[in-house]
$ cat structure_21.txt   # compact mmCIF, C-alpha atoms and all ligand atoms
# COMPACT_ATOMS: atom_id res chain seq x y z
CA MET A 1 35.66 77.95 76.23
CA GLU A 2 33.23 76.85 73.57
CA GLY A 3 33.65 73.79 71.39
CA THR A 4 31.95 71.04 69.43
CA VAL A 5 31.43 67.49 70.66
CA THR A 6 33.04 65.27 68.02
CA SER A 7 32.61 61.88 69.66
CA ILE A 8 31.13 60.35 72.76
CA ARG A 9 32.37 57.18 74.42
CA SER A 10 30.40 56.35 77.54
CA VAL A 11 30.99 59.26 79.94
CA LEU A 12 33.82 60.87 78.00
CA CYS A 13 33.40 63.29 75.11
CA GLU A 14 35.93 64.63 72.68
CA VAL A 15 35.47 68.33 72.21
CA ASP A 16 37.13 70.30 69.42
CA ALA A 17 37.90 73.91 70.18
CA GLN A 18 40.29 76.29 68.49
CA GLY A 19 42.12 73.55 66.64
CA ARG A 20 42.67 71.36 69.74
CA THR A 21 40.90 68.29 71.00
CA TYR A 22 39.94 68.05 74.67
CA VAL A 23 38.76 64.89 76.36
CA CYS A 24 35.96 66.08 78.59
CA GLN A 25 33.69 64.75 81.24
CA ALA A 26 30.27 66.32 81.74
CA ARG A 27 29.43 68.00 85.03
CA ARG A 28 27.40 65.74 87.23
CA ARG A 29 24.33 67.98 87.06
CA LEU A 30 24.41 67.83 83.23
CA VAL A 31 24.42 64.06 83.39
CA ALA A 32 21.78 63.93 86.09
CA SER A 33 19.39 66.52 84.64
CA ASP A 34 16.32 64.88 83.22
CA THR A 35 16.16 66.21 79.68
CA GLY A 36 13.80 63.50 78.49
CA GLU A 37 16.55 62.40 76.14
CA SER A 38 18.44 59.17 76.35
CA LYS A 39 21.73 61.03 76.74
CA PRO A 40 22.46 64.54 77.90
CA LEU A 41 24.71 65.31 74.92
CA ALA A 42 24.93 64.30 71.28
CA VAL A 43 27.73 64.43 68.74
CA GLY A 44 27.64 67.84 67.08
CA ASP A 45 26.51 69.62 70.22
CA ARG A 46 28.11 72.95 70.94
CA VAL A 47 29.19 73.12 74.55
CA ALA A 48 30.71 75.51 77.04
CA PHE A 49 33.55 73.83 78.91
CA SER A 50 36.42 74.56 81.25
CA ALA A 51 39.83 73.30 80.22
CA THR A 52 41.54 71.57 83.15
CA SER A 53 44.73 70.91 81.19
CA ALA A 54 45.97 71.24 77.59
CA ALA A 55 44.01 68.16 76.58
CA GLN A 56 41.29 67.75 79.19
CA GLY A 57 38.23 69.59 80.37
CA VAL A 58 34.84 69.57 82.03
CA ILE A 59 31.65 70.32 80.11
CA GLU A 60 29.60 72.94 81.93
CA ARG A 61 26.56 73.24 79.68
CA MET A 62 25.16 72.62 76.24
CA LEU A 63 24.53 75.58 73.94
CA PRO A 64 21.22 75.84 72.01
CA ARG A 65 20.85 73.41 69.13
CA ARG A 66 20.36 74.57 65.56
CA THR A 67 19.18 71.19 64.23
CA LYS A 68 18.86 67.63 65.48
CA LEU A 69 18.26 64.18 64.08
CA SER A 70 16.21 62.21 66.57
CA ARG A 71 14.68 58.79 66.82
CA ARG A 72 12.64 57.04 69.42
CA SER A 73 14.96 55.33 71.84
CA PRO A 74 14.95 51.60 71.17
CA ARG A 75 15.23 51.03 74.92
CA ASP A 76 12.36 53.25 76.07
CA VAL A 77 9.50 54.39 73.80
CA ARG A 78 9.02 57.54 75.89
CA THR A 79 12.56 58.72 75.38
CA GLU A 80 14.07 60.72 72.57
CA HIS A 81 17.47 59.69 71.29
CA VAL A 82 19.24 62.56 69.58
CA ILE A 83 21.62 60.89 67.14
CA VAL A 84 23.41 64.05 66.09
CA ALA A 85 22.98 67.78 66.62
CA ASN A 86 23.67 70.89 64.55
CA VAL A 87 24.37 69.27 61.18
CA ASP A 88 23.09 70.82 57.95
CA HIS A 89 22.29 67.82 55.77
CA LEU A 90 20.85 64.39 56.19
CA LEU A 91 22.27 62.18 53.43
CA ILE A 92 19.89 59.25 53.19
CA VAL A 93 21.79 56.35 51.66
CA SER A 94 20.01 53.42 50.08
CA SER A 95 21.26 50.79 47.67
CA MET A 96 19.79 49.65 44.38
CA ARG A 97 20.37 46.01 45.35
CA LYS A 98 21.93 44.03 48.19
CA PRO A 99 20.07 45.12 50.23
CA PRO A 100 17.17 45.95 47.88
CA LEU A 101 16.07 49.56 47.49
CA SER A 102 13.84 50.58 50.40
CA LEU A 103 11.68 53.60 49.65
CA GLY A 104 10.14 53.19 53.10
CA ILE A 105 13.34 54.01 54.92
CA ILE A 106 14.04 56.98 52.62
CA ASP A 107 10.56 58.34 53.29
CA ARG A 108 10.95 57.90 57.03
CA TYR A 109 14.29 59.69 57.16
CA ILE A 110 12.92 62.53 55.01
CA ILE A 111 10.28 63.15 57.68
CA ALA A 112 12.84 62.95 60.50
CA GLY A 113 15.14 65.34 58.63
CA HIS A 114 12.45 67.97 58.20
CA ALA A 115 11.25 67.57 61.78
CA GLY A 116 14.75 68.33 63.08
CA GLY A 117 15.56 71.16 60.65
CA LEU A 118 18.01 69.19 58.44
CA GLU A 119 17.91 69.29 54.65
CA PRO A 120 17.39 65.75 53.32
CA LEU A 121 19.52 64.56 50.38
CA VAL A 122 18.98 61.16 48.78
CA CYS A 123 21.79 58.87 47.63
CA ILE A 124 21.08 55.64 45.79
CA ASN A 125 24.28 53.61 45.84
CA LYS A 126 25.32 50.35 44.14
CA VAL A 127 23.94 51.49 40.78
CA ASP A 128 26.42 49.00 39.28
CA LEU A 129 24.12 46.23 40.53
CA ALA A 130 21.02 47.54 38.70
CA GLU A 131 19.76 45.34 35.92
CA ASP A 132 19.14 48.30 33.72
CA PRO A 133 19.90 52.00 34.12
CA SER A 134 16.25 53.07 33.79
CA GLU A 135 15.60 51.33 37.10
CA CYS A 136 17.90 53.85 38.80
CA SER A 137 16.53 56.92 37.08
CA GLU A 138 12.95 55.88 37.88
CA ALA A 139 13.79 55.57 41.57
CA ALA A 140 15.62 58.90 41.47
CA ARG A 141 12.68 60.62 39.79
CA ILE A 142 10.35 59.88 42.73
CA TYR A 143 12.43 62.09 44.98
CA GLN A 144 13.54 64.60 42.35
CA ASP A 145 9.85 65.26 41.63
CA MET A 146 9.44 66.00 45.34
CA GLY A 147 12.21 68.59 45.09
CA TYR A 148 15.08 66.63 46.65
CA THR A 149 18.60 66.30 45.28
CA VAL A 150 19.32 62.68 44.36
CA PHE A 151 22.79 61.19 43.86
CA LEU A 152 23.16 57.97 41.91
CA THR A 153 26.47 56.44 42.94
CA SER A 154 28.63 53.37 42.87
CA ALA A 155 31.25 53.47 45.60
CA GLN A 156 32.74 50.30 44.14
CA GLU A 157 33.13 51.63 40.60
CA GLN A 158 33.77 55.21 41.77
CA LYS A 159 30.80 56.55 39.82
CA GLY A 160 28.71 59.62 40.56
CA LEU A 161 30.96 60.70 43.41
CA GLU A 162 31.84 64.20 42.21
CA PRO A 163 28.38 65.77 42.67
CA LEU A 164 28.19 64.12 46.09
CA LYS A 165 31.60 65.48 47.12
CA GLU A 166 30.46 68.90 45.97
CA ALA A 167 27.34 68.71 48.14
CA LEU A 168 29.36 67.72 51.21
CA ARG A 169 31.98 70.43 50.81
CA GLY A 170 31.80 73.07 53.52
CA LYS A 171 28.68 71.58 55.12
CA SER A 172 28.09 69.14 57.90
CA THR A 173 26.28 66.01 56.82
CA VAL A 174 25.02 62.97 58.65
CA LEU A 175 24.77 59.73 56.69
CA ALA A 176 21.86 57.46 57.47
CA GLY A 177 20.44 54.30 56.02
CA HIS A 178 20.30 50.55 56.49
CA SER A 179 23.48 48.76 57.28
CA GLY A 180 25.22 47.35 54.21
CA VAL A 181 24.04 49.99 51.73
CA GLY A 182 27.57 51.37 51.42
CA LYS A 183 27.83 54.36 53.75
CA SER A 184 31.36 53.57 54.88
CA SER A 185 32.40 52.68 51.33
CA LEU A 186 31.11 56.03 50.08
CA LEU A 187 33.00 57.88 52.78
CA ASN A 188 36.17 55.96 51.96
CA ALA A 189 35.69 56.68 48.26
CA ILE A 190 35.21 60.37 48.95
CA GLN A 191 38.20 60.58 51.23
CA PRO A 192 40.36 57.48 51.56
CA GLY A 193 41.13 56.63 55.16
CA LEU A 194 38.28 58.73 56.54
CA ARG A 195 36.61 55.69 57.95
CA LEU A 196 38.38 52.41 57.53
CA ARG A 197 35.61 50.09 58.57
CA THR A 198 33.71 48.38 55.72
CA GLY A 199 31.64 45.26 55.83
CA PRO A 200 30.00 43.78 58.89
CA VAL A 201 31.82 44.30 62.17
CA SER A 202 31.37 41.71 64.86
CA THR A 203 33.23 39.71 67.41
CA LYS A 204 31.86 36.42 68.69
CA GLY A 205 28.53 37.13 67.02
CA ARG A 206 28.07 40.41 68.83
CA HIS A 207 27.83 43.65 66.89
CA VAL A 208 30.69 45.85 67.95
CA THR A 209 29.56 49.30 68.92
CA ASN A 210 30.78 51.75 66.37
CA TRP A 211 30.26 55.11 67.91
CA VAL A 212 28.87 58.00 66.01
CA SER A 213 31.62 60.54 65.43
CA LEU A 214 32.16 63.76 63.58
CA LEU A 215 34.82 63.45 60.89
CA ARG A 216 36.46 66.42 59.26
CA LEU A 217 36.70 66.46 55.46
CA ASP A 218 39.91 67.69 53.82
CA ALA A 219 37.79 69.66 51.35
CA GLY A 220 36.01 71.40 54.24
CA GLY A 221 32.96 70.33 56.17
CA TYR A 222 32.15 67.39 58.39
CA VAL A 223 30.49 64.05 57.98
CA VAL A 224 28.91 61.84 60.58
CA ASP A 225 28.43 58.14 60.01
CA THR A 226 25.78 56.33 62.05
CA PRO A 227 27.03 52.74 62.10
CA GLY A 228 25.32 51.89 65.37
CA ILE A 229 21.84 52.95 64.24
CA ARG A 230 20.19 49.78 63.08
CA GLU A 231 16.62 50.59 63.89
CA PHE A 232 15.00 53.91 63.16
CA THR A 233 11.62 54.82 64.62
CA LEU A 234 10.29 58.34 64.20
CA TRP A 235 10.15 60.51 67.28
CA ASP A 236 7.26 62.87 68.02
CA ILE A 237 5.59 62.69 64.62
CA GLN A 238 1.82 62.38 64.44
CA LYS A 239 -0.16 60.47 61.86
CA THR A 240 -1.58 63.72 60.49
CA ASP A 241 1.98 65.00 59.88
CA VAL A 242 2.83 62.27 57.40
CA ALA A 243 0.77 63.19 54.31
CA GLN A 244 2.59 66.49 53.75
CA PHE A 245 5.72 64.52 52.86
CA PHE A 246 3.89 62.67 50.11
CA PRO A 247 2.94 65.49 47.73
CA GLN A 248 0.72 63.29 45.55
CA ILE A 249 -1.27 62.25 48.62
CA TRP A 250 -1.31 65.76 50.05
CA ASP A 251 -2.73 67.16 46.80
CA LEU A 252 -5.56 64.62 46.76
CA SER A 253 -6.49 65.14 50.43
CA PRO A 254 -8.90 68.06 49.91
CA HIS A 255 -11.09 65.71 47.84
CA CYS A 256 -11.59 63.26 50.72
CA ARG A 257 -14.96 63.34 52.46
CA MET A 258 -13.65 63.28 56.02
CA PRO A 259 -11.95 66.52 57.09
CA ASN A 260 -9.14 64.72 58.94
CA CYS A 261 -8.88 61.79 56.60
CA LEU A 262 -5.78 59.67 57.23
CA HIS A 263 -6.48 57.74 54.00
CA THR A 264 -6.42 54.43 55.81
CA HIS A 265 -9.97 53.23 56.53
CA GLU A 266 -12.18 56.31 56.05
CA PRO A 267 -15.17 56.26 53.70
CA ASP A 268 -15.06 58.10 50.38
CA CYS A 269 -11.29 58.68 50.45
CA ALA A 270 -9.86 60.30 47.32
CA VAL A 271 -6.41 58.88 48.01
CA LYS A 272 -7.59 55.29 48.28
CA ARG A 273 -9.68 55.80 45.15
CA ALA A 274 -6.67 57.15 43.23
CA ALA A 275 -4.49 54.26 44.40
CA GLU A 276 -7.09 51.74 43.28
CA ALA A 277 -7.48 53.46 39.91
CA GLY A 278 -3.71 53.42 39.38
CA GLU A 279 -3.51 57.24 39.39
CA LEU A 280 -1.40 57.20 42.54
CA PRO A 281 1.54 54.78 42.44
CA LEU A 282 0.74 51.93 44.80
CA ALA A 283 4.30 51.89 46.15
CA ARG A 284 3.90 55.50 47.32
CA TYR A 285 0.57 54.77 48.99
CA GLU A 286 1.95 51.67 50.69
CA SER A 287 4.99 53.50 52.00
CA TYR A 288 2.66 56.19 53.39
CA LEU A 289 0.46 53.57 55.06
CA ARG A 290 3.40 51.77 56.62
CA ILE A 291 4.65 54.98 58.23
CA VAL A 292 1.19 55.94 59.51
CA GLU A 293 0.71 52.44 60.93
CA THR A 294 3.95 52.58 62.87
CA ILE A 295 3.01 55.82 64.57
CA GLU A 296 1.10 55.40 67.81
CA GLU A 297 -2.48 56.65 67.76
CA GLN A 298 -1.62 59.29 70.31
CA ARG A 299 1.70 60.78 71.06
CA VAL A 300 3.60 58.61 73.49
CA PRO A 301 4.10 60.69 76.62
CA ARG A 302 7.68 61.72 77.15
CA ALA A 303 9.72 60.99 80.21
CA THR A 304 9.60 64.72 81.03
CA ASP A 305 5.83 65.08 80.60
CA VAL A 306 3.86 65.72 83.74
CA GLU A 307 0.57 63.96 83.18
CA THR A 308 -2.39 65.88 84.60
CA PRO A 309 -6.09 65.33 83.87
CA GLU A 310 -5.97 68.44 81.66
CA THR A 311 -3.10 67.21 79.50
CA GLN A 312 -4.78 63.83 79.19
CA VAL A 313 -7.97 65.43 77.88
CA HIS A 314 -5.97 67.71 75.67
CA ARG A 315 -4.09 64.83 74.13
CA GLN A 316 -7.22 62.85 73.49
CA SER A 317 -9.10 65.71 71.85
CA ARG A 318 -6.16 66.84 69.80
CA ALA A 319 -6.87 66.39 66.11
CA PRO A 320 -4.99 69.03 64.12
CA SER A 321 -6.43 69.86 60.73
CA ARG A 322 -4.51 68.66 57.74
CA ARG A 323 -3.99 72.21 56.52
CA LYS A 324 -2.28 73.16 59.74
CA ALA A 325 -0.19 70.01 60.06
CA ARG A 326 2.92 71.36 58.36
CA GLN A 327 2.87 74.63 60.31
CA ASP A 328 2.41 72.73 63.56
CA LEU A 329 5.35 70.45 62.84
CA ARG A 330 7.60 73.39 62.00
CA ARG A 331 6.52 75.29 65.07
CA ARG A 332 7.13 72.31 67.34
CA ALA A 333 10.59 71.88 65.87
CA ARG A 334 11.33 75.59 66.37
CA GLU A 335 10.11 75.55 69.95
CA GLU A 336 12.19 72.53 70.77
CA LEU A 337 15.32 73.76 69.11
CA GLY A 338 15.15 77.14 70.80
CA PRO A 339 16.57 80.33 69.33
CA GLN A 340 18.60 79.89 66.17
CA GLU A 341 22.26 80.58 66.61
CA PRO A 342 24.17 82.41 63.92
CA GLU A 343 26.20 80.03 61.78
CA GLU A 344 29.81 79.70 62.86
CA ALA A 345 32.76 78.40 60.93
CA GLU A 346 33.62 76.07 63.78
CA SER A 347 30.12 74.75 64.28
CA ALA A 348 29.34 71.33 62.95
P1 LIG B 401 27.48 50.41 55.45
O1 LIG B 401 27.06 49.38 56.42
O2 LIG B 401 26.31 51.20 54.93
O3 LIG B 401 28.57 51.30 55.92
O4 LIG B 401 28.01 49.62 54.16
P2 LIG B 401 29.54 49.25 53.73
O5 LIG B 401 30.24 50.44 53.21
O6 LIG B 401 30.16 48.52 54.86
O7 LIG B 401 29.27 48.27 52.49
C1 LIG B 401 28.62 47.02 52.59
C2 LIG B 401 29.06 46.11 51.47
O8 LIG B 401 28.64 46.63 50.21
C3 LIG B 401 30.59 45.98 51.39
O9 LIG B 401 30.89 44.64 51.09
C4 LIG B 401 30.96 46.87 50.21
O10 LIG B 401 32.12 46.43 49.54
C5 LIG B 401 29.75 46.78 49.31
N1 LIG B 401 29.54 47.99 48.49
C6 LIG B 401 29.60 49.27 48.89
N2 LIG B 401 29.34 50.13 47.89
C7 LIG B 401 29.12 49.36 46.79
C8 LIG B 401 28.79 49.66 45.42
O11 LIG B 401 28.67 50.79 44.99
N3 LIG B 401 28.60 48.58 44.60
C9 LIG B 401 28.72 47.30 45.02
N4 LIG B 401 28.51 46.32 44.14
N5 LIG B 401 29.04 46.99 46.30
C10 LIG B 401 29.23 48.00 47.18
ZN ZN B 402 -8.48 60.24 52.35
$ encode --input "structure_21.txt" --output "structure tokens" --more "lines below"
Ligand code: GDP
Ligand code: ZN
Amino acid sequence: MEGTVTSIRSVLCEVDAQGRTYVCQARRRLVASDTGESKPLAVGDRVAFSATSAAQGVIERMLPRRTKLSRRSPRDVRTEHVIVANVDHLLIVSSMRKPPLSLGIIDRYIIAGHAGGLEPLVCINKVDLAEDPSECSEAARIYQDMGYTVFLTSAQEQKGLEPLKEALRGKSTVLAGHSGVGKSSLLNAIQPGLRLRTGPVSTKGRHVTNWVSLLRLDAGGYVVDTPGIREFTLWDIQKTDVAQFFPQIWDLSPHCRMPNCLHTHEPDCAVKRAAEAGELPLARYESYLRIVETIEEQRVPRATDVETPETQVHRQSRAPSRRKARQDLRRRAREELGPQEPEEAESA
């Protein structure tokens, strides 16, 4: 049978198939196989499994992924952690205040979304806490000008929820963002009882693991909350990939003297010049710089990489041109995700 992994708790997965839920264990070889990922399966994965009873089964293999949201494993920098597979949208939730609006995290998730084939959507919550409404529309305009849909919401005052509900309907969406921005509150406002947890969860000072799980919306579609993701580091993104996600920076790049200018320390850089002259908003430039700085100079070898003298040389000499950066990123994502599967009603 084929089904969708809806939650994972240690070695057991819940798999939805044909309207039933099966508690499944993965075959030993699936667990043991070195995929270079922190876990052999992610929520949202489509799997082939054998039912051993009306409510139990054994997962035989994973089917090809359509999309994935990945981060660098916090435990091992060489390991990819796939947070969720096969979802359509990445809803990046930030709050206007408490915690303060972080453009940096929005920018980082936008890159991760594109890299994994998800469509990024931006939600700025807690608009009720803004000192004046223009503050919200200015923040929204940054991302609207880049072509993204932006939702301005207040989960508390039930404002701006209709357009968001509409966007979630019939699609699968993963919510991401700092803890405390209101992800659970938004989900509860959209569908009461969907996820009951709000506010910090802890026992004896320890953060209680809230597993990622796929939740079905009454209006159609699925949502995935990511309560356990507190730290998000990009996976397999190179410094030269970053500028394409900052259109103002990308457009200035051809005017830089150095052909592979990263706009950090290079001489005669058009981007730095524009930032100094106030033609490029400083906040955009700083967000760009912060992301570039957090990316290792060279790609961190993966657990599955076999390091040979050739690959070492190749890695060191690799300096993709800025013009080709976007194509390269897309190609890498395609190669990794394998052949695209036709969309299925059941797939999440
Ligand atoms: P999560 O960690 O992203 O899931 O955030 P929660 O949904 O747990 O919300 C964190 C805190 O912010 C809770 O105390 C909520 O009551 C509060 N909160 C959520 N949405 C809003 C909002 O729109 N306005 C205000 N003022 N507070 C909110
Ligand atoms: Zn430059």
$ residues_near_ligand --input "structure_21.txt" --ligand "ligand ZN 402 (chain B)" --cutoff "9 Å" --atoms "only C-alpha atoms and all ligand atoms" --output "list of chain:residue names"
A:Ile249, A:Leu252, A:Ser253, A:Pro254, A:His255, A:Cys256, A:Arg257, A:Met258, A:Pro259, A:Asn260, A:Cys261, A:Leu262, A:His263, A:Thr264, A:His265, A:Glu266, A:Pro267, A:Asp268, A:Cys269, A:Ala270, A:Val271, A:Lys272, A:Arg273
$ residues_near_ligand --input "structure_21.txt" --ligand "ligand LIG 401 (chain B)" --cutoff "7 Å" --atoms "all atoms listed in the file" --output "list of chain:residue names"
A:Asn125, A:Lys126, A:Val127, A:Asp128, A:Leu129, A:Thr153, A:Ser154, A:Ala155, A:Gln156, A:Glu157, A:Gly177, A:His178, A:Ser179, A:Gly180, A:Val181, A:Gly182, A:Lys183, A:Ser184, A:Ser185, A:Leu186, A:Arg197, A:Thr198, A:Gly199, A:Pro200, A:Pro227
$ atom_distance --input "structure_21.txt" --atom1 "CA of Arg71 in chain A" --atom2 "CA of Ala17 in chain A"
27.9 Å
$ closest_residue --input "structure_21.txt" --among "A:Gln158, A:Ser70, A:Ser95, A:Gln248" --to "Leu234 in chain A" --atoms "all atoms listed in the file"
A:Ser70
$ residues_around --input "structure_21.txt" --residues "Gly44 in chain A" --least-positions-apart "6" --cutoff "7 Å" --atoms "only C-alpha atoms" --output "PyMOL selection string"
chain A and resi 4-6+84-87+348
$ closest_residue --input "structure_21.txt" --among "A:Leu118, A:Ile124, A:Pro163, A:Ser73" --to "Ile229 in chain A" --atoms "all atoms listed in the file"
A:Ser73
$ build_atoms --input "structure_21.txt" --residues "range 241-266 of chain A" --atoms "N, CA and C atoms" --output "mmCIF file, keeping the file's coordinate frame"
data_model
loop_
_atom_site.group_PDB
_atom_site.id
_atom_site.type_symbol
_atom_site.label_atom_id
_atom_site.label_comp_id
_atom_site.auth_asym_id
_atom_site.auth_seq_id
_atom_site.Cartn_x
_atom_site.Cartn_y
_atom_site.Cartn_z
ATOM 1 N N ASP A 241 0.795 64.313 60.424
ATOM 2 C CA ASP A 241 1.980 65.000 59.880
ATOM 3 C C ASP A 241 2.485 64.332 58.599
ATOM 4 N N VAL A 242 2.139 63.076 58.411
ATOM 5 C CA VAL A 242 2.830 62.270 57.400
ATOM 6 C C VAL A 242 2.487 62.673 55.955
ATOM 7 N N ALA A 243 1.211 62.976 55.695
ATOM 8 C CA ALA A 243 0.770 63.190 54.310
ATOM 9 C C ALA A 243 1.518 64.330 53.607
ATOM 10 N N GLN A 244 1.910 65.350 54.381
ATOM 11 C CA GLN A 244 2.590 66.490 53.750
ATOM 12 C C GLN A 244 3.904 66.102 53.074
ATOM 13 N N PHE A 245 4.458 64.956 53.461
ATOM 14 C CA PHE A 245 5.720 64.520 52.860
ATOM 15 C C PHE A 245 5.505 63.620 51.657
ATOM 16 N N PHE A 246 4.256 63.428 51.303
ATOM 17 C CA PHE A 246 3.890 62.670 50.110
ATOM 18 C C PHE A 246 3.032 63.593 49.246
ATOM 19 N N PRO A 247 3.684 64.437 48.426
ATOM 20 C CA PRO A 247 2.940 65.490 47.730
ATOM 21 C C PRO A 247 1.736 64.981 46.938
ATOM 22 N N GLN A 248 1.857 63.790 46.326
ATOM 23 C CA GLN A 248 0.720 63.290 45.550
ATOM 24 C C GLN A 248 -0.477 63.034 46.460
ATOM 25 N N ILE A 249 -0.194 62.542 47.657
ATOM 26 C CA ILE A 249 -1.270 62.250 48.620
ATOM 27 C C ILE A 249 -1.828 63.557 49.190
ATOM 28 N N TRP A 250 -0.925 64.454 49.499
ATOM 29 C CA TRP A 250 -1.310 65.760 50.050
ATOM 30 C C TRP A 250 -2.260 66.488 49.094
ATOM 31 N N ASP A 251 -1.912 66.443 47.798
ATOM 32 C CA ASP A 251 -2.730 67.160 46.800
ATOM 33 C C ASP A 251 -4.125 66.568 46.650
ATOM 34 N N LEU A 252 -4.241 65.264 46.903
ATOM 35 C CA LEU A 252 -5.560 64.620 46.760
ATOM 36 C C LEU A 252 -6.426 64.825 48.009
ATOM 37 N N SER A 253 -5.780 65.093 49.141
ATOM 38 C CA SER A 253 -6.490 65.140 50.430
ATOM 39 C C SER A 253 -7.741 66.023 50.449
ATOM 40 N N PRO A 254 -7.703 67.212 49.835
ATOM 41 C CA PRO A 254 -8.900 68.060 49.910
ATOM 42 C C PRO A 254 -10.148 67.416 49.300
ATOM 43 N N HIS A 255 -9.941 66.366 48.474
ATOM 44 C CA HIS A 255 -11.090 65.710 47.840
ATOM 45 C C HIS A 255 -11.665 64.577 48.682
ATOM 46 N N CYS A 256 -11.053 64.303 49.839
ATOM 47 C CA CYS A 256 -11.590 63.260 50.720
ATOM 48 C C CYS A 256 -12.819 63.791 51.449
ATOM 49 N N ARG A 257 -13.746 62.876 51.779
ATOM 50 C CA ARG A 257 -14.960 63.340 52.460
ATOM 51 C C ARG A 257 -14.678 63.768 53.897
ATOM 52 N N MET A 258 -13.903 62.967 54.614
ATOM 53 C CA MET A 258 -13.650 63.280 56.020
ATOM 54 C C MET A 258 -12.615 64.396 56.135
ATOM 55 N N PRO A 259 -12.880 65.382 56.994
ATOM 56 C CA PRO A 259 -11.950 66.520 57.090
ATOM 57 C C PRO A 259 -10.559 66.130 57.584
ATOM 58 N N ASN A 260 -10.459 65.124 58.446
ATOM 59 C CA ASN A 260 -9.140 64.720 58.940
ATOM 60 C C ASN A 260 -8.749 63.351 58.428
ATOM 61 N N CYS A 261 -9.085 63.118 57.179
ATOM 62 C CA CYS A 261 -8.880 61.790 56.600
ATOM 63 C C CYS A 261 -7.405 61.379 56.668
ATOM 64 N N LEU A 262 -7.150 60.202 57.195
ATOM 65 C CA LEU A 262 -5.780 59.670 57.230
ATOM 66 C C LEU A 262 -5.542 58.745 56.043
ATOM 67 N N HIS A 263 -6.568 58.565 55.226
ATOM 68 C CA HIS A 263 -6.480 57.740 54.000
ATOM 69 C C HIS A 263 -6.177 56.285 54.329
ATOM 70 N N THR A 264 -6.662 55.837 55.454
ATOM 71 C CA THR A 264 -6.420 54.430 55.810
ATOM 72 C C THR A 264 -7.713 53.627 55.703
ATOM 73 N N HIS A 265 -8.749 54.036 56.465
ATOM 74 C CA HIS A 265 -9.970 53.230 56.530
ATOM 75 C C HIS A 265 -11.220 54.085 56.302
ATOM 76 N N GLU A 266 -11.042 55.408 56.089
ATOM 77 C CA GLU A 266 -12.180 56.310 56.050
ATOM 78 C C GLU A 266 -13.019 56.119 54.784
#
